Amino acid sequence: MESCGGCRVEKMPLVEMKDTLDNGGRVTLLIRHAERPPLDPGDRTFGASLSLTGNGWRWARCFGLMLANNLLPKSVAFYASETFRTLQTACAMAMGLDLVGTGQSIERKVRLDPILGGESPFFGAVEERMALAAEGCYRERLNDYFRTGTQQGFKPLKPAADLMERHLDGLHDKDWPLVVAVTHDINVAAFLAARGVVESFTDETWPDYLEAAAIIKKADGEAKYIYFRWNQDMGAISF
């Protein structure tokens, strides 16, 4: 584990994830989508119809391959918000499972889940969120939210995170212990802050494309929360 900018980062939790899955536990990755083109600041849909870039598609497939090679799952359930780029990310990840080359098929499903997007428990009125962004210093205002738990355009942080986690828990059953929930950066950041993994974010520690809040729950109910920045240490990951 290392510390950077008020954030605790564990670069390589894959061994712990695999051990948890192998011993009857479950793993959830609340993950930001892959790379997209720049957003229009005035777009009230927040780029709902934007496609991934070519690099975004390729890296999402690599992420699926990384899961297959390192976790050796029998099945993976992918969920995405209603925006096109998150659905594309989930589909590319699912395709990446087949690149492992073992000849053994990994069961997968891809489903939409509005709570990962516009119905996020963290979001208040869209007009208030856009007004907050228009004021400037948006990252600083978000850090205020993460530190204090309240902010214009957002719902109280702790109960919102509790609702998100209960919902994510409900996506699992005995046949789907590994869930990848593709969402947006603010949801990832807010969840990490609510669970005490992050105190505040800098430009360097803000959730980048394909970075995730990992929820690792062992069979005995013990839970661990990790900031999973898999692309920070590519050399230790098996492709």
# chains A, B, ... in the order shown; residues from 1 in each chain; ligands from 1
call {"tool": "select_by_dssp", "arguments": {"residues": "stretch 11-201 of chain A", "states": "strand (DSSP E)", "output": "MDAnalysis selection string"}}
result
chainID A and resid 26:32 75:80 107:112 178:183
call {"tool": "residues_around", "arguments": {"residues": "A:Gly196", "least_positions_apart": "4", "cutoff": "12 Å", "atoms": "only C-alpha atoms", "output": "list in words"}}
result
Gly6, Cys7, Arg8, Val9, Phe146, Arg147, Gly149, Leu157, Lys158, Ala161, Ala189, Ala190, Phe191, Leu192, Ser200, Ala213, Lys224, Tyr225, Ile226 and Tyr227 of chain A
call {"tool": "closest_residue", "arguments": {"among": "A:Leu50, A:Leu72, A:Leu99, A:Met164", "to": "A:Phe122", "atoms": "only C-alpha atoms"}}
result
A:Met164
call {"tool": "closest_residue", "arguments": {"among": "A:Ile31, A:Leu67, A:Cys91, A:Ile106", "to": "A:Ile186", "atoms": "only C-alpha atoms"}}
result
A:Ile31
call {"tool": "closest_residue", "arguments": {"among": "A:Met95, A:Leu71, A:Ala219, A:Val182", "to": "A:Arg32", "atoms": "only C-alpha atoms"}}
result
A:Val182
call {"tool": "atom_distance", "arguments": {"atom1": "atom CA of A:Ala80", "atom2": "atom CA of A:Ala181"}}
result
5.9 Å
call {"tool": "select_by_dssp", "arguments": {"residues": "stretch 28-131 of chain A", "states": "alpha helix (DSSP H)", "output": "MDAnalysis selection string"}}
result
chainID A and resid 54:71 84:96 126:131
call {"tool": "atom_distance", "arguments": {"atom1": "atom CA of A:Thr150", "atom2": "atom CA of A:Phe123"}}
result
11.2 Å
call {"tool": "closest_atom_pairs", "arguments": {"of": "stretch 54-88 of chain A", "to": "stretch 17-23 of chain A", "cutoff": "12 Å", "atoms": "only C-alpha atoms", "output": "CSV"}}
result
residue,atom,partner,partner_atom,distance
A:Leu67,CA,A:Lys18,CA,9.7
A:Ala68,CA,A:Lys18,CA,10.7
A:Asn69,CA,A:Lys18,CA,10.6
A:Asn70,CA,A:Lys18,CA,7.4
A:Leu71,CA,A:Lys18,CA,4.9
A:Leu72,CA,A:Lys18,CA,7.6
A:Pro73,CA,A:Leu21,CA,8.0
A:Lys74,CA,A:Leu21,CA,10.0
A:Ser75,CA,A:Leu21,CA,10.8
A:Val76,CA,A:Leu21,CA,11.4
call {"tool": "atom_distance", "arguments": {"atom1": "atom CA of A:Leu52", "atom2": "atom CA of A:Ala34"}}
result
6.7 Å
call {"tool": "closest_residue", "arguments": {"among": "A:Glu127, A:Asp203, A:Asp208, A:Glu82", "to": "A:Pro114", "atoms": "only C-alpha atoms"}}
result
A:Glu82
call {"tool": "closest_residue", "arguments": {"among": "A:Leu163, A:Val197, A:Met93, A:Leu30", "to": "A:Ala60", "atoms": "only C-alpha atoms"}}
result
A:Met93
call {"tool": "closest_residue", "arguments": {"among": "A:Arg85, A:His33, A:Arg229, A:Arg141", "to": "A:Asn187", "atoms": "only C-alpha atoms"}}
result
A:His33
